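**Student:** The structure follows.
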Amino acid sequence: MKIREQIALCSGADEWNTKAFPKENIPSFRMSDGPNGLRIDKKPATCFPTASIAACCFDTDLMERYGYELAREAKAENVGLILGPGVNIKRNPLCGRNFEYFSEDPLVSGYLGAAVIRGIQSTGIGSCLKHFACNNQEYYRMTSDSLIDERTLREIYLLPFEVAVKEGHPRAVMGAYNKLNGTYCCSNKWLLTDVLRKEWHYEGAVITDWTAVEDRTDAFFAGCDLVMPGGNAYGEREVLRNIANGTLPREKVTRSARRVARMARKAQKALIQAHVDSRSQHEISHQTAQKVAEESMVLLKNAHHILPLDGLEEVVFLGKMAEEIRYQGSGSSRVTPTKLEQVTNLYPQVPYAPGYDANGDTDDALIAEAVALAQKAKTVILFAGLPDIYESEGYDRANMKMPDGHNRLIEEVAKVNQRVIVVLECGSAVEVPWADDVEGILYAGLSGQAGAKAIMRILLGEVNPSGKLAETWPMHYEDVVTAGYYGKGHRNAQYREGIYVGYRYYETAGVPVRFPFGYGLSYTTFAYSNPRLDRISKTLTVTVKNTGKCAGKETLFLFVSHLFKDCYRPKRVLKHFEKVDLEAGERMDVVIQLDERDFAIWDHGWIVDEGYYLCEVTGSPLETGTVLKIEADLDMLDRVNVGSKWQVRQQADAMRPTHESRNSDAFSKLANWYRNPVGAPSEQDFLTLYKQSLPDITANAAFDINTNFEDLLEESRVFRKLFDDFEQKMADELGRDSAEYKGMVAMAKQSPLRALQNNQKWKHHRAQACADLANRKYLSMIRHFFS
């Protein structure tokens with residue numbers, strides 16, 4: 001291929017398709033959003049449970065099945081690459097896109113993500129792992145800079161991608177919008193080449209998030225292969241010019257073109273295989289979606305064994321979400337379901353009152369109607385959570401509270417009926433101030449199109465709940481370590497808390513939580529016994545027994561902690577999880593294979609400190625009586641042939657967080673918070689950890705192509721008019737009360753000019769022309785507009 005054609009191949013043809021070059025046997029292929037279902041021009045597709053609730057199943061086999069059925073639907077629709085899963089860490093419960101992500105824990109995110117990838121790619125369809133990396137807030141996500149020290153980056157935010165890449169081998173990895181330590185992810189050579197390809201030996205393609213590319217030449221240098229969306233030749237002339245003048249080596253482009261061509265040919269090979277009938281596949285997928293929902297929902301409270309119910313006589317349904325289930329989030333993952341079940345339709349004989357409206361608001365009349373029904377009932381099943389507009393791609397949540405109307409309904413009903421069961425439909429943790437006033441709480445999450453049936457089968461005892469929380473639920477948002485410096489007002493994200501994310505912070509700092517990571521109840525009970533460590537095979541074995549009266553599934557967790565405090569560490573860290581299925585009275589030996597990474601931390605490489613380690617096997621973090629403890633030491637590991645990057649660090653050297661600051665004053669200051677993480681770290685604490693100067697966001701006062709559109713609205717009536725016209729169009733199409741409208745407007749305001757050029761298919765250098773207009777450089781504006 002000519003170099004001009006190679007450059008063109010590395011840009012999409014349009015919004016969803018790549019370019020075809022028939023003479024070179026390079027086909028076009030289509031991509032589709034699809035972490036929890038295909039999104040193709042509003043065509044019906046199965047809406048599976050979102051990752052936020054699916055993660056609570058802790059079942060890699062079930063997640064493989066999830067991915068397999070998703071890919072079968074993709075094959076039926078001629079889609080060659082599914083844009084998902086997303087394995088970004090839930091750093092803060094307010095992130096608007098948390099419902100798309102698995103967990104606050106990197107290993108849970110990585111292993112479940114890898115399972116979905118394996119399931120998808122077992123059909124020949126490709127999977128695109130996203131968003132690489134440190135895309136943990138929606139606020140100014142397209143231009144924000146994630147400022148993070150390397151140990152935190154390696155142990156928390158890169159780890160899920162490392163696991164998913166090595167265990168799942170995705171066909172593509174999607175570069176994130178944001179900067180990482182000063183460099184946009186899609187132009188970050190350290191991230192895309194040094195780490196992803198050289199360290200992790202990744203051989204697939206890297207594609208941009210939609211409009212995420214800043215500079216095409218920098219992207220080729222970094223190892224970013226495909227720019228999406230296509231159709232506007234963004235930056236292609238500059239790339240050709242830089243190859244001609246020797247600034248960009250030609251082989252960088254050729255290498256990327258080969259990766260795109262290989263990805264296209266694999267997609268074509270998968271799609272010419274046996275045809276999949278979409279109608280029959282939709283029914284199979286619906287059953288799988290229900291299975292995932294049933295295995296994932298988490299029973300958070302079951303006082304006086306109110307559940308399971310023995311029937312629906314003298315039961316009432318309350319809450320608008322009983323007739324309009326909240327089953328998915330908003331944004332690019334939104335799916336048009338093939339069918340949608342509602343609790344009130346499944347059980348029309350059960351009395352029902354809405355209690356609040358679609359936005360969560362209520363009034364005296366709605367409350368009075370609901371209270372009147374509750375007074376006459378034996379048991380109340382009350383549906384509540386977060387309405388659609390509360391959670392969406394494009395903006396973060398304002399707080400951790402449920403709508404006032406939902407809370408008021410629960411509080412008023414609990415005053416007149418002691419048997420209240422609350423079913424929560426939300427994509428992330430919420431505050432539950434009424435938790436002590438109700439008998440039962442079932443976290444249904446965003447459970448997909450079959451969620452209503454799954455909810456009722458659990459409440460009626462047809463399914464024994466086995467989900468466990470993949471994220472911590474704090475008592476109050478103020479208890480979150482990042483609460484004071486996350487999101488709004490902080491365009492650049494300072495990862496001040498370091499490695500203390502989720503349960504790593506709450507347990508180490510001793511902060512009480514409402515429901516801990518890994519928590520979940522069952523209708524049966526389990527007992528753990530006889531832990532033993534085999535130093536030859538490096539395996540830990542424990543016996544699990546179902547001690548109850550019915551069959552059930554149990555997830556056991558292995559946490560590891562170091563018994564010395566010379567180097568700052570969380571109190572304990574999850575290293576393995578396993579789900580087992582046991583009949584009443586049945587017992588099973590569970591064998592866990594250990595390796596060096598289970599005991600390592602990052603310090604210019606993975607390092608294992610000498611000393612003793614505590615291994616805790618538990619199925620319930622709240623019930624310390626179920627925890628089995630066993631000690632391991634380095635003697636059992638030094639028989640293993642560790643690689644050249646591995647080191648064993650003597651205990652005397654363990655004081656240092658990095659080689660450079662071994663005995664420095666900086667580490668003694670660092671230890672003040674990071675060795676005793678109570679409260680929140682200050683910016684000065686962070687600077688001792690980060691060891692770099694923070695970017696000066698006021699250094700460049702001139703507008704450029706990375707300027708957000710919002711910053712231009714006060715500069716020119718032209719920009720204000722453009723935005724007002726766009727805002728009115730979105731209001732007319734989507735409605736001002738919709739999550740889609742709110743997300744589109746937020747994303748438009750926070751989009752840089754280059755993204756608008758890419759998305760709107762502006763020709764020439766019109767993004768720069770807009771910046772020139774804002775800078776009042778009118779001759780330059782005219783030149784860029786037509787050049």
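In the structure tokens, chains take the letters A, B, ... in the order shown, each chain's residues start at 1, and ligands count up from 1 in the order shown.
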To test your reading of the structure, identify every residue in segment 141-347 of chain A that backbone DSSP assigns to strand (DSSP E or B), and report it as an MDAnalysis selection string.

**Tutor:** chainID A and resid 145:147 172:175 179:180 183:184 205:208 226:227 298:302 315:318 330 337

**Student:** Residues near Leu307 of chain A, anyone? I mean within 10 Å using only C-alpha atoms, not counting same-chain ones fewer than 6 positions away, as a PyMOL selection string.

**Tutor:** chain A and resi 299+301+421+439-441+458-461+522-523

**Student:** Within 7 Å of His784 of chain A, counting only C-alpha atoms, which residues show up once you throw out same-chain ones fewer than 3 positions away? Write them as a ChimeraX atom specification, please.

**Tutor:** /A:765-766,768-769,780-781,787

**Student:** What's the 8 Å shell around Val580 of chain A, counting only C-alpha atoms, without same-chain residues fewer than 3 positions away, as a PyMOL selection string?

**Tutor:** chain A and resi 553-555

**Student:** If we count only C-alpha atoms and set the cut-off at 9 Å, which residues sit around segment 132-138 of chain A, ignoring sequence neighbours fewer than 5 positions away in its own chain? Please answer as a PyMOL selection string.

**Tutor:** chain A and resi 86-92+94-98+146+148+153+157-158+161+173-180+185-186+191-192+393-396+486-487+493+747

**Student:** Could you check the closest approach to Glu251 of chain A for each of A:Ile782, A:Ile7, A:Leu340, A:Ala454 and tell me which residue wins, using only C-alpha atoms?

**Tutor:**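 Of the candidates, the smallest distance to Glu251 of chain A is held by A:Ile7.
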
**Student:** So which residues touch Glu295 of chain A within 8 Å, counting only C-alpha atoms, skipping near sequence neighbours fewer than 5 positions away, as a PyMOL selection string?

**Tutor:** chain A and resi 56-57+465-467

**Student:** Can you tell me, as JSON, numbers by chain, what residues are no more than 6 Å from segment 738-743 of chain A when counting only C-alpha atoms, ignoring any on the same chain fewer than 4 positions away?

**Tutor:** {"A": [389, 394, 730, 734]}

**Student:** Between atom CA of Gly445 of chain A and atom CA of Met297 of chain A, what is the distance, to one decimal in Å?

**Tutor:**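 Atom-to-atom, atom CA of Gly445 of chain A to atom CA of Met297 of chain A, that is 7.1 Å.
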
**Student:** At what distance in Å, to one decimal, does atom CA of Gly223 of chain A lie from atom CA of Gly246 of chain A?

**Tutor:**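 The value is 17.6 Å.
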
**Student:** Enumerate, as a tab-separated table (two decimals) with C-alpha atoms, in the first residue's frame, the complete set of residues in segment 282-316 of chain A that a backbone-based DSSP assignment places in helix (DSSP H, G or I).

**Tutor:**
```tsv
chain	number	residue	atom	x	y	z
A	282	HIS	CA	-32.48	-12.97	21.45
A	283	GLU	CA	-34.46	-15.54	23.42
A	284	ILE	CA	-31.30	-17.39	24.46
A	285	SER	CA	-29.66	-14.11	25.44
A	286	HIS	CA	-32.70	-13.07	27.46
A	287	GLN	CA	-32.41	-16.23	29.53
A	288	THR	CA	-28.70	-15.59	30.06
A	289	ALA	CA	-29.43	-12.00	31.08
A	290	GLN	CA	-31.88	-13.31	33.68
A	291	LYS	CA	-29.36	-15.86	34.94
A	292	VAL	CA	-26.68	-13.20	35.38
A	293	ALA	CA	-29.15	-10.95	37.23
A	294	GLU	CA	-30.19	-13.78	39.56
A	295	GLU	CA	-26.59	-14.72	40.37
A	296	SER	CA	-25.52	-11.11	40.95
A	303	ALA	CA	-33.88	-9.25	59.56
A	304	HIS	CA	-35.95	-11.93	61.26
A	305	HIS	CA	-35.61	-14.02	58.08
```

**Student:** With only C-alpha atoms as the basis for distance, which of A:Tyr500, A:Phe599, A:Phe686, A:Phe220 is at the shortest distance from Tyr612 of chain A?

**Tutor:**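 Answer, going by the shortest atom-to-atom distance: A:Phe599.
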